[in-house]
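Asks: Below you'll find my_file.pdb; it's PDB, C-alpha atoms and all ligand atoms.
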ATOM      1  CA  MET A 254       6.288 -56.867  15.985
ATOM      2  CA  HIS A 255       7.164 -58.676  12.773
ATOM      3  CA  ASN A 256       3.568 -59.605  11.958
ATOM      4  CA  ALA A 257       2.493 -56.005  12.591
ATOM      5  CA  ALA A 258       5.265 -54.848  10.254
ATOM      6  CA  PHE A 259       4.293 -57.345   7.525
ATOM      7  CA  ALA A 260       0.682 -56.173   7.761
ATOM      8  CA  ALA A 261       1.706 -52.503   7.627
ATOM      9  CA  LEU A 262       3.680 -53.142   4.444
ATOM     10  CA  GLY A 263       0.978 -55.347   2.901
ATOM     11  CA  LEU A 264       3.271 -58.385   2.840
ATOM     12  CA  ASP A 265       1.616 -61.791   2.903
ATOM     13  CA  TRP A 266       4.293 -63.144   5.279
ATOM     14  CA  ARG A 267       4.052 -64.700   8.733
ATOM     15  CA  TYR A 268       6.406 -64.850  11.712
ATOM     16  CA  VAL A 269       5.868 -67.940  13.858
ATOM     17  CA  ALA A 270       7.391 -69.140  17.126
ATOM     18  CA  CYS A 271       8.636 -72.729  17.199
ATOM     19  CA  GLU A 272      10.027 -74.520  20.214
ATOM     20  CA  VAL A 273      12.979 -76.667  19.183
ATOM     21  CA  ALA A 274      15.055 -78.922  21.440
ATOM     22  CA  PRO A 275      18.790 -78.151  21.107
ATOM     23  CA  GLU A 276      19.568 -81.601  19.670
ATOM     24  CA  ASN A 277      17.040 -80.946  16.880
ATOM     25  CA  LEU A 278      18.361 -77.558  15.797
ATOM     26  CA  ALA A 279      20.120 -78.786  12.644
ATOM     27  CA  ALA A 280      17.025 -80.720  11.536
ATOM     28  CA  ALA A 281      14.775 -77.753  12.299
ATOM     29  CA  LEU A 282      16.911 -75.362  10.233
ATOM     30  CA  GLU A 283      17.002 -77.815   7.335
ATOM     31  CA  GLY A 284      13.213 -78.214   7.645
ATOM     32  CA  ALA A 285      12.751 -74.451   7.598
ATOM     33  CA  ARG A 286      14.946 -74.222   4.509
ATOM     34  CA  VAL A 287      13.058 -76.831   2.518
ATOM     35  CA  MET A 288       9.736 -75.288   3.517
ATOM     36  CA  GLY A 289      10.853 -71.967   2.070
ATOM     37  CA  PHE A 290      11.366 -69.940   5.245
ATOM     38  CA  CYS A 291      13.313 -66.784   4.451
ATOM     39  CA  GLY A 292      15.088 -66.647   7.771
ATOM     40  CA  VAL A 293      14.862 -67.320  11.445
ATOM     41  CA  ASN A 294      15.621 -65.685  14.789
ATOM     42  CA  LEU A 295      17.314 -67.837  17.371
ATOM     43  CA  THR A 296      17.260 -67.455  21.103
ATOM     44  CA  VAL A 297      19.114 -69.178  23.941
ATOM     45  CA  PRO A 298      20.590 -71.767  23.800
ATOM     46  CA  HIS A 299      20.522 -71.860  20.007
ATOM     47  CA  LYS A 300      22.453 -68.687  19.312
ATOM     48  CA  ARG A 301      25.776 -70.308  20.116
ATOM     49  CA  LEU A 302      24.897 -73.797  18.890
ATOM     50  CA  ALA A 303      24.000 -72.361  15.484
ATOM     51  CA  LEU A 304      27.509 -71.055  14.917
ATOM     52  CA  ASP A 305      28.592 -74.500  13.697
ATOM     53  CA  LEU A 306      25.603 -74.889  11.374
ATOM     54  CA  MET A 307      26.008 -71.753   9.279
ATOM     55  CA  ASP A 308      27.274 -72.042   5.727
ATOM     56  CA  GLU A 309      28.622 -68.515   6.052
ATOM     57  CA  LEU A 310      28.921 -65.886   8.786
ATOM     58  CA  ASP A 311      28.195 -62.266   8.069
ATOM     59  CA  ALA A 312      30.872 -59.830   9.295
ATOM     60  CA  SER A 313      28.529 -58.859  12.154
ATOM     61  CA  ALA A 314      28.401 -62.427  13.480
ATOM     62  CA  ARG A 315      32.173 -62.877  13.129
ATOM     63  CA  ALA A 316      32.840 -59.620  14.958
ATOM     64  CA  TRP A 317      30.328 -59.710  17.794
ATOM     65  CA  GLY A 318      30.020 -63.359  18.782
ATOM     66  CA  GLY A 319      26.901 -65.509  18.951
ATOM     67  CA  VAL A 320      24.545 -65.673  16.025
ATOM     68  CA  TRP A 321      21.246 -63.905  16.537
ATOM     69  CA  THR A 322      19.701 -63.856  13.122
ATOM     70  CA  PRO A 323      20.727 -66.610  10.765
ATOM     71  CA  VAL A 324      19.160 -65.847   7.429
ATOM     72  CA  GLY A 325      18.414 -68.601   4.970
ATOM     73  CA  GLN A 326      19.634 -67.076   1.728
ATOM     74  CA  LEU A 327      16.995 -68.822  -0.291
ATOM     75  CA  ARG A 328      15.468 -65.904  -2.079
ATOM     76  CA  TRP A 329      17.907 -63.159  -2.648
ATOM     77  CA  VAL A 330      21.519 -64.325  -2.644
ATOM     78  CA  PRO A 331      22.625 -66.203  -5.729
ATOM     79  CA  GLY A 332      25.399 -68.776  -5.414
ATOM     80  CA  PRO A 333      26.106 -71.657  -3.085
ATOM     81  CA  VAL A 334      25.520 -69.950   0.294
ATOM     82  CA  ARG A 335      22.371 -71.264   1.938
ATOM     83  CA  LEU A 336      22.363 -70.112   5.513
ATOM     84  CA  ARG A 337      24.121 -66.967   6.606
ATOM     85  CA  GLY A 338      24.427 -65.982  10.277
ATOM     86  CA  HIS A 339      24.073 -62.373  11.344
ATOM     87  CA  ASN A 340      24.266 -60.653  14.724
ATOM     88  CA  THR A 341      21.819 -57.786  14.965
ATOM     89  CA  ASP A 342      22.019 -57.413  18.791
ATOM     90  CA  ALA A 343      25.277 -55.503  18.830
ATOM     91  CA  ASP A 344      24.205 -52.616  16.597
ATOM     92  CA  ALA A 345      20.872 -52.555  18.415
ATOM     93  CA  ILE A 346      22.412 -51.827  21.800
ATOM     94  CA  VAL A 347      24.397 -48.870  20.451
ATOM     95  CA  ARG A 348      21.272 -47.464  18.806
ATOM     96  CA  ALA A 349      19.239 -47.982  21.996
ATOM     97  CA  LEU A 350      21.810 -46.173  24.140
ATOM     98  CA  ARG A 351      21.729 -43.248  21.728
ATOM     99  CA  GLU A 352      18.006 -43.066  21.049
ATOM    100  CA  ASP A 353      16.455 -44.303  24.299
ATOM    101  CA  LEU A 354      19.027 -43.318  26.907
ATOM    102  CA  LEU A 355      20.098 -40.216  24.918
ATOM    103  CA  ILE A 356      23.771 -40.831  25.666
ATOM    104  CA  GLU A 357      26.496 -41.038  23.017
ATOM    105  CA  PRO A 358      28.628 -44.141  23.543
ATOM    106  CA  ARG A 359      31.647 -42.779  21.632
ATOM    107  CA  GLY A 360      34.116 -41.375  24.158
ATOM    108  CA  ALA A 361      31.995 -42.525  27.103
ATOM    109  CA  ARG A 362      33.034 -44.322  30.276
ATOM    110  CA  VAL A 363      30.946 -47.483  30.521
ATOM    111  CA  LEU A 364      30.390 -50.029  33.275
ATOM    112  CA  LEU A 365      29.078 -53.288  31.830
ATOM    113  CA  LEU A 366      27.520 -55.835  34.181
ATOM    114  CA  GLY A 367      27.457 -59.337  32.693
ATOM    115  CA  THR A 368      29.663 -60.880  30.049
ATOM    116  CA  GLY A 369      27.386 -63.656  28.779
ATOM    117  CA  GLY A 370      26.342 -63.759  25.126
ATOM    118  CA  ALA A 371      24.589 -60.381  25.007
ATOM    119  CA  GLY A 372      27.137 -58.711  27.283
ATOM    120  CA  LYS A 373      30.008 -59.917  25.165
ATOM    121  CA  ALA A 374      28.421 -58.673  21.937
ATOM    122  CA  ALA A 375      27.718 -55.310  23.596
ATOM    123  CA  ALA A 376      31.253 -54.993  24.956
ATOM    124  CA  LEU A 377      32.896 -55.728  21.621
ATOM    125  CA  ARG A 378      30.550 -53.438  19.716
ATOM    126  CA  LEU A 379      30.973 -50.599  22.241
ATOM    127  CA  ALA A 380      34.746 -50.997  22.034
ATOM    128  CA  ASP A 381      34.473 -50.734  18.255
ATOM    129  CA  GLU A 382      32.273 -47.663  18.692
ATOM    130  CA  GLY A 383      35.132 -45.971  20.558
ATOM    131  CA  VAL A 384      34.140 -45.860  24.216
ATOM    132  CA  GLU A 385      36.913 -44.319  26.286
ATOM    133  CA  THR A 386      36.967 -46.744  29.209
ATOM    134  CA  LEU A 387      35.103 -50.002  29.652
ATOM    135  CA  TRP A 388      34.796 -51.725  33.036
ATOM    136  CA  LEU A 389      33.666 -55.343  32.877
ATOM    137  CA  GLN A 390      32.021 -56.919  35.904
ATOM    138  CA  ASN A 391      30.794 -60.506  35.853
ATOM    139  CA  ARG A 392      29.651 -62.967  38.526
ATOM    140  CA  THR A 393      32.157 -65.468  37.103
ATOM    141  CA  ALA A 394      35.175 -63.178  37.057
ATOM    142  CA  SER A 395      37.251 -65.353  34.722
ATOM    143  CA  LYS A 396      34.840 -64.634  31.839
ATOM    144  CA  ALA A 397      35.297 -60.893  32.293
ATOM    145  CA  VAL A 398      39.088 -61.345  32.369
ATOM    146  CA  GLU A 399      38.945 -63.368  29.155
ATOM    147  CA  LEU A 400      36.789 -60.793  27.392
ATOM    148  CA  ALA A 401      38.975 -57.924  28.607
ATOM    149  CA  ALA A 402      41.970 -59.662  27.039
ATOM    150  CA  GLU A 403      40.113 -60.005  23.720
ATOM    151  CA  ILE A 404      39.138 -56.330  23.755
ATOM    152  CA  ALA A 405      42.653 -55.204  24.669
ATOM    153  CA  ASP A 406      43.941 -57.229  21.736
ATOM    154  CA  ARG A 407      41.371 -56.113  19.155
ATOM    155  CA  PHE A 408      40.731 -52.544  20.316
ATOM    156  CA  PRO A 409      43.975 -51.222  21.813
ATOM    157  CA  ALA A 410      42.646 -47.637  21.944
ATOM    158  CA  VAL A 411      40.039 -48.649  24.516
ATOM    159  CA  ASP A 412      41.035 -48.618  28.185
ATOM    160  CA  VAL A 413      39.467 -51.902  29.334
ATOM    161  CA  ARG A 414      39.452 -52.980  32.976
ATOM    162  CA  VAL A 415      37.914 -55.713  35.099
ATOM    163  CA  GLY A 416      35.957 -54.739  38.198
ATOM    164  CA  LEU A 417      34.178 -51.617  39.388
ATOM    165  CA  PRO A 418      35.191 -48.084  38.343
ATOM    166  CA  ASP A 419      36.943 -45.669  40.680
ATOM    167  CA  THR A 420      35.210 -42.781  38.938
ATOM    168  CA  ASP A 421      31.832 -41.700  37.583
ATOM    169  CA  VAL A 422      30.554 -43.255  34.345
ATOM    170  CA  GLU A 423      28.247 -41.993  31.630
ATOM    171  CA  ILE A 424      26.664 -45.405  31.034
ATOM    172  CA  LEU A 425      25.924 -48.356  33.311
ATOM    173  CA  LEU A 426      24.657 -51.273  31.245
ATOM    174  CA  ASN A 427      23.087 -54.382  32.753
ATOM    175  CA  ALA A 428      23.567 -57.455  30.561
ATOM    176  CA  THR A 429      23.021 -59.979  33.340
ATOM    177  CA  SER A 430      19.791 -61.928  33.650
ATOM    178  CA  SER A 431      19.415 -60.799  37.265
ATOM    179  CA  GLY A 432      16.199 -58.768  37.373
ATOM    180  CA  LEU A 433      14.057 -61.066  35.235
ATOM    181  CA  LYS A 434      12.407 -62.372  38.413
ATOM    182  CA  ALA A 435      10.941 -60.153  41.131
ATOM    183  CA  GLU A 436      13.037 -61.805  43.839
ATOM    184  CA  ASP A 437      16.365 -61.383  41.975
ATOM    185  CA  PRO A 438      19.058 -59.366  43.733
ATOM    186  CA  LEU A 439      20.416 -56.182  42.129
ATOM    187  CA  PRO A 440      23.155 -57.135  39.664
ATOM    188  CA  LEU A 441      25.408 -54.515  41.290
ATOM    189  CA  ASP A 442      26.672 -54.056  44.854
ATOM    190  CA  VAL A 443      25.466 -50.473  45.270
ATOM    191  CA  ALA A 444      27.380 -50.080  48.527
ATOM    192  CA  SER A 445      30.587 -50.503  46.488
ATOM    193  CA  TYR A 446      29.419 -48.493  43.496
ATOM    194  CA  PRO A 447      26.437 -46.159  44.110
ATOM    195  CA  LEU A 448      24.079 -45.786  41.157
ATOM    196  CA  ALA A 449      24.225 -41.995  41.422
ATOM    197  CA  ARG A 450      27.723 -42.256  39.933
ATOM    198  CA  ALA A 451      26.159 -43.163  36.558
ATOM    199  CA  ASP A 452      24.504 -40.600  34.274
ATOM    200  CA  GLY A 453      22.388 -43.243  32.567
ATOM    201  CA  VAL A 454      21.437 -46.830  33.383
ATOM    202  CA  TYR A 455      20.329 -49.201  30.642
ATOM    203  CA  ASP A 456      18.896 -52.615  31.500
ATOM    204  CA  MET A 457      18.736 -55.136  28.650
ATOM    205  CA  ILE A 458      15.774 -56.719  30.447
ATOM    206  CA  TYR A 459      12.427 -55.414  29.141
ATOM    207  CA  ARG A 460      10.008 -57.499  31.197
ATOM    208  CA  PRO A 461       9.382 -56.314  33.849
ATOM    209  CA  ALA A 462       9.412 -52.855  32.274
ATOM    210  CA  GLU A 463      11.082 -51.456  35.381
ATOM    211  CA  THR A 464      13.503 -53.864  37.031
ATOM    212  CA  PRO A 465      14.644 -53.268  40.621
ATOM    213  CA  LEU A 466      17.873 -51.898  39.129
ATOM    214  CA  LEU A 467      16.019 -49.358  36.974
ATOM    215  CA  ARG A 468      13.802 -48.331  39.864
ATOM    216  CA  ALA A 469      16.814 -47.784  42.126
ATOM    217  CA  ALA A 470      18.586 -45.889  39.327
ATOM    218  CA  ARG A 471      15.562 -43.650  38.736
ATOM    219  CA  GLU A 472      15.375 -42.933  42.452
ATOM    220  CA  ALA A 473      19.094 -42.110  42.426
ATOM    221  CA  GLY A 474      18.429 -39.502  39.719
ATOM    222  CA  CYS A 475      19.859 -41.421  36.743
ATOM    223  CA  ARG A 476      18.372 -41.397  33.260
ATOM    224  CA  THR A 477      17.005 -44.915  32.622
ATOM    225  CA  ALA A 478      15.820 -47.127  29.780
ATOM    226  CA  ASN A 479      14.823 -50.775  29.579
ATOM    227  CA  GLY A 480      15.738 -53.322  26.894
ATOM    228  CA  LEU A 481      12.655 -52.872  24.752
ATOM    229  CA  GLY A 482      14.516 -50.582  22.355
ATOM    230  CA  MET A 483      17.308 -53.120  21.936
ATOM    231  CA  LEU A 484      14.729 -55.808  21.171
ATOM    232  CA  LEU A 485      13.017 -53.473  18.720
ATOM    233  CA  TYR A 486      16.155 -52.389  16.866
ATOM    234  CA  GLN A 487      17.519 -55.932  16.460
ATOM    235  CA  GLY A 488      14.071 -56.922  15.183
ATOM    236  CA  ALA A 489      14.014 -54.034  12.730
ATOM    237  CA  ALA A 490      17.442 -55.029  11.423
ATOM    238  CA  ALA A 491      16.311 -58.638  11.040
ATOM    239  CA  PHE A 492      13.181 -57.489   9.211
ATOM    240  CA  GLU A 493      15.325 -55.565   6.750
ATOM    241  CA  LEU A 494      17.637 -58.551   6.228
ATOM    242  CA  TRP A 495      14.718 -60.822   5.430
ATOM    243  CA  THR A 496      12.562 -58.510   3.344
ATOM    244  CA  GLY A 497      15.073 -56.076   1.863
ATOM    245  CA  ARG A 498      12.655 -53.283   2.804
ATOM    246  CA  PRO A 499      12.924 -50.532   5.405
ATOM    247  CA  ALA A 500      11.354 -51.652   8.679
ATOM    248  CA  PRO A 501       8.315 -49.673   9.877
ATOM    249  CA  VAL A 502       9.975 -49.087  13.234
ATOM    250  CA  GLU A 503       7.161 -47.193  14.949
ATOM    251  CA  VAL A 504       4.587 -49.828  13.959
ATOM    252  CA  MET A 505       6.916 -52.449  15.419
ATOM    253  CA  ARG A 506       7.483 -50.418  18.593
ATOM    254  CA  SER A 507       3.739 -50.063  19.197
ATOM    255  CA  ALA A 508       3.178 -53.783  18.678
ATOM    256  CA  LEU A 509       6.020 -54.632  21.053
ATOM    257  CA  VAL A 510       4.869 -52.330  23.819
ATOM    258  CA  ARG A 511       1.348 -53.732  23.495
ATOM    259  CA  GLU A 512       2.409 -57.377  23.496
ATOM    260  CA  VAL A 513       5.367 -57.311  25.860
ATOM    261  CA  GLN A 514       4.314 -54.710  28.379
ATOM    262  CA  GLY A 515       0.576 -55.078  28.065
ATOM    263  CA  TYR A 516      -0.530 -51.543  27.317
ATOM    264  CA  PRO A 517      -1.106 -49.664  24.046
ATOM    265  CA  GLY A 518       2.079 -48.337  22.466
ATOM    266  CA  GLU A 519       2.375 -44.705  21.527
ATOM    267  CA  SER A 520       4.242 -43.792  18.349
ATOM    268  CA  ARG A 521       6.993 -41.328  19.086
TER     269      ARG A 521
HETATM  270  N1  LIG A 601      16.658 -56.519  25.023
HETATM  271  C1  LIG A 601      17.119 -57.443  24.213
HETATM  272  O1  LIG A 601      16.877 -57.429  23.003
HETATM  273  C2  LIG A 601      18.000 -58.527  24.763
HETATM  274  C3  LIG A 601      18.798 -59.297  23.888
HETATM  275  C4  LIG A 601      19.609 -60.297  24.437
HETATM  276  C5  LIG A 601      19.607 -60.514  25.819
HETATM  277  N2  LIG A 601      18.820 -59.761  26.624
HETATM  278  C6  LIG A 601      18.817 -59.949  28.071
HETATM  279  O2  LIG A 601      20.156 -59.845  28.520
HETATM  280  C7  LIG A 601      20.372 -60.739  29.609
HETATM  281  C8  LIG A 601      21.580 -61.631  29.316
HETATM  282  O3  LIG A 601      21.272 -62.475  28.204
HETATM  283  P1  LIG A 601      22.403 -63.444  27.577
HETATM  284  O4  LIG A 601      21.862 -63.946  26.301
HETATM  285  O5  LIG A 601      23.739 -62.764  27.578
HETATM  286  O6  LIG A 601      22.428 -64.612  28.659
HETATM  287  P2  LIG A 601      23.679 -65.498  29.097
HETATM  288  O7  LIG A 601      24.627 -65.696  27.973
HETATM  289  O8  LIG A 601      23.087 -66.683  29.758
HETATM  290  O9  LIG A 601      24.437 -64.603  30.220
HETATM  291  C9  LIG A 601      23.847 -64.355  31.467
HETATM  292  C10 LIG A 601      24.709 -63.350  32.232
HETATM  293  O10 LIG A 601      24.037 -63.002  33.454
HETATM  294  C11 LIG A 601      24.904 -63.310  34.549
HETATM  295  N3  LIG A 601      24.050 -63.673  35.691
HETATM  296  C12 LIG A 601      23.063 -64.591  35.697
HETATM  297  N4  LIG A 601      22.473 -64.617  36.908
HETATM  298  C13 LIG A 601      23.103 -63.696  37.675
HETATM  299  C14 LIG A 601      22.967 -63.262  39.025
HETATM  300  N5  LIG A 601      22.027 -63.777  39.839
HETATM  301  N6  LIG A 601      23.763 -62.264  39.473
HETATM  302  C15 LIG A 601      24.680 -61.721  38.659
HETATM  303  N7  LIG A 601      24.896 -62.107  37.372
HETATM  304  C16 LIG A 601      24.101 -63.088  36.894
HETATM  305  C17 LIG A 601      25.800 -64.406  34.045
HETATM  306  O11 LIG A 601      26.972 -64.469  34.837
HETATM  307  P3  LIG A 601      27.891 -65.811  34.829
HETATM  308  O12 LIG A 601      28.812 -65.680  33.654
HETATM  309  O13 LIG A 601      28.606 -65.773  36.130
HETATM  310  O14 LIG A 601      26.961 -66.995  34.702
HETATM  311  C18 LIG A 601      26.075 -63.903  32.621
HETATM  312  O15 LIG A 601      26.991 -62.836  32.627
HETATM  313  C19 LIG A 601      19.059 -61.502  29.811
HETATM  314  O16 LIG A 601      18.330 -60.868  30.821
HETATM  315  C20 LIG A 601      18.363 -61.349  28.482
HETATM  316  O17 LIG A 601      16.939 -61.389  28.647
HETATM  317  C21 LIG A 601      18.012 -58.757  26.122
END
Before we go any further, please render this structure as structure tokens.
Ligand SMILES: NC(=O)c1ccc[n+]([C@@H]2O[C@H](COP(=O)([O-])OP(=O)(O)OC[C@H]3O[C@@H](n4cnc5c(N)ncnc54)[C@H](OP(=O)(O)O)[C@@H]3O)[C@@H](O)[C@H]2O)c1
Replies:
Amino acid sequence: MHNAAFAALGLDWRYVACEVAPENLAAALEGARVMGFCGVNLTVPHKRLALDLMDELDASARAWGGVWTPVGQLRWVPGPVRLRGHNTDADAIVRALREDLLIEPRGARVLLLGTGGAGKAAALRLADEGVETLWLQNRTASKAVELAAEIADRFPAVDVRVGLPDTDVEILLNATSSGLKAEDPLPLDVASYPLARADGVYDMIYRPAETPLLRAAREAGCRTANGLGMLLYQGAAAFELWTGRPAPVEVMRSALVREVQGYPGESR
């Protein structure tokens, strides 16, 4: 999506994928800096490891946890800061819920499945957005309890609970990695909480395009969306951080749909 965006804007830039072993992350970032890279995206397990390597954290990275887009401030920030960490995932999930699921998070009741890196960023950002009630459900319950305590402390207006709701919700958000593989179980015990109790179901997973959870939710009559929009919107934000120019979002969406889901993307 980035190369399609560079081409659309006539920028002679390139986005390349590099596989880096965790123990080489510091050397790789220093190498990127001296070679004049403007910025990098990090994915697991580097997002968390990178926290200790940043010269400065943007407010987004401080607020929402793991670093997603550290930006080498080599071109456009004067002064001593070299590498600044940003988190563009958190804003992206709110935008995706609004634009792709067509549900307003503010004032909503939300059930979040999974409190790993992406789930945590989503929970904190949704709390900041002013959801009414947030239920946190995680395979390792202690992590959900810990995150609930952080949210209660930082966002006292939000009613945060651990476990499954005793009421309907507007949004059910899957932030677990269960669904990436065809044989994965549903990330939710639907006997305990039927999917029909959710207006909309968002799955952060985008490949496969329809996870077993999304299929079951569609069949239960829920509105559904996969994680492609979240991927797109964090990418668009990163593009704007690096280039200082508005991202050509529809060009990026088409490229993503084509590359990730294997069929031509339609501009909306
Ligand atoms: N669309 C996007 O742009 C985007 C961005 C980021 C992430 N994602 C997706 O979001 C998901 C989570 O990513 P992450 O970075 O947060 O990973 P992570 O930090 O490794 O967290 C994984 C989460 O999934 C849970 N989990 C794993 N296997 C499970 C299973 N079989 N049943 C129930 N829960 C299970 C883990 O529970 P425990 O705590 O018990 O281990 C944890 O809550 C992944 O599928 C990733 O592809 C999408």
Asks: Which of these, A:Gly432, A:Pro358, A:Gly284, A:Pro409, has the shortest distance to ligand LIG 601 (chain A) once you count all atoms listed in the file?
Replies: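 For ligand LIG 601 (chain A), the nearest of the given residues is A:Gly432.
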Asks: Evaluated on this file, the PyMOL selection byres (((chain A and resi 434-443) around 12) and not hetatm) picks out some residues - which ones are they, written as number ranges by chain?
Replies: A: 364-367, 389-392, 416-417, 425-433, 444-451, 454, 456, 458-470, 473
Asks: On this file, the PyMOL selection byres (((chain A and resi 318) around 9) and not hetatm) gives some set of residues; write that set as JSON, numbers by chain.
Replies: {"A": [301, 304, 313, 314, 315, 316, 317, 319, 320, 340, 370, 371, 373, 374, 377]}
Asks: A:Ile356, A:Ala343, A:Ile424, A:Ala410: which is nearest ligand LIG 601 (chain A), counting only C-alpha atoms and all ligand atoms?
Replies: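 Result for the nearest residue to ligand LIG 601 (chain A): A:Ala343.
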Asks: Listed atoms of ligand LIG 601 (chain A), axis-aligned box, 6 Å per side: centre and edge lengths to one decimal in Å, as AutoDock Vina command-line options?
Replies:
--center_x 22.7 --center_y -61.8 --center_z 31.4 --size_x 24.2 --size_y 22.5 --size_z 28.8
Asks: Pick from A:Met307, A:Val413, A:Ala257, A:Leu400: nearest to ligand LIG 601 (chain A), with only C-alpha atoms and all ligand atoms counted?
Replies: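 Checking each of A:Met307, A:Val413, A:Ala257, A:Leu400 against ligand LIG 601 (chain A), counting only C-alpha atoms and all ligand atoms, the winner is A:Leu400.
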Asks: Expand the PyMOL selection byres (((chain A and resi 501) around 12) and not hetatm) into the individual residues it matches in the shown file, reporting them as number ranges by chain.
Replies: A: 254-263, 485-486, 488-490, 492-493, 496, 498-500, 502-508, 520
Asks: Using only C-alpha atoms, which residue out of A:Leu278, A:Leu484, A:Ala491, A:Leu302 lies closest to Val513 of chain A?
Replies: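 Of A:Leu278, A:Leu484, A:Ala491, A:Leu302, the one nearest Val513 of chain A is A:Leu484, counting only C-alpha atoms.
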Asks: One number please: atom N3 of ligand LIG 601 (chain A) to atom CA of Glu472 of chain A, in Å, one decimal.
Replies: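 Interatomic distance here is 23.5 Å.
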Asks: Could you tell me which of A:Asn479, A:Thr386, A:Thr296, A:Thr368 comes closest to ligand LIG 601 (chain A) if we count only C-alpha atoms and all ligand atoms?
Replies: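 Among the listed residues, A:Thr368 lies closest to ligand LIG 601 (chain A).
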Asks: Given all atoms listed in the file as the basis, pick out the residue of A:Glu403, A:Glu512, A:Glu385, A:Asp342 nearest to ligand LIG 601 (chain A).
Replies: A:Asp342
Asks: For atom N2 of ligand LIG 601 (chain A) and atom CA of Gln487 of chain A, determine how far apart the two atoms are, in Å to one decimal place.
Replies: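 Rounded to one decimal, the two atoms are 10.9 Å apart.
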Asks: Please measure the separation of atom CA of Trp388 of chain A and atom CA of Val411 of chain A, giving the value in Å to one decimal.
Replies: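 Calculated distance between atom CA of Trp388 of chain A and atom CA of Val411 of chain A is 10.5 Å.
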Asks: With 10 Å as the threshold, what does the neighbourhood of (15.4, -70.7, 11.2) contain in terms of residues, counting all atoms listed in the file? Coordinates are those of the file; answer as a list in words.
Replies: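 Those within range, by chain then number, are Cys271, Leu278, Ala279, Ala281, Leu282, Glu283, Gly284, Ala285, Arg286, Phe290, Cys291, Gly292, Val293, Asn294, Leu295, Ala303, Thr322, Pro323, Val324, Gly325 and Leu336 of chain A.
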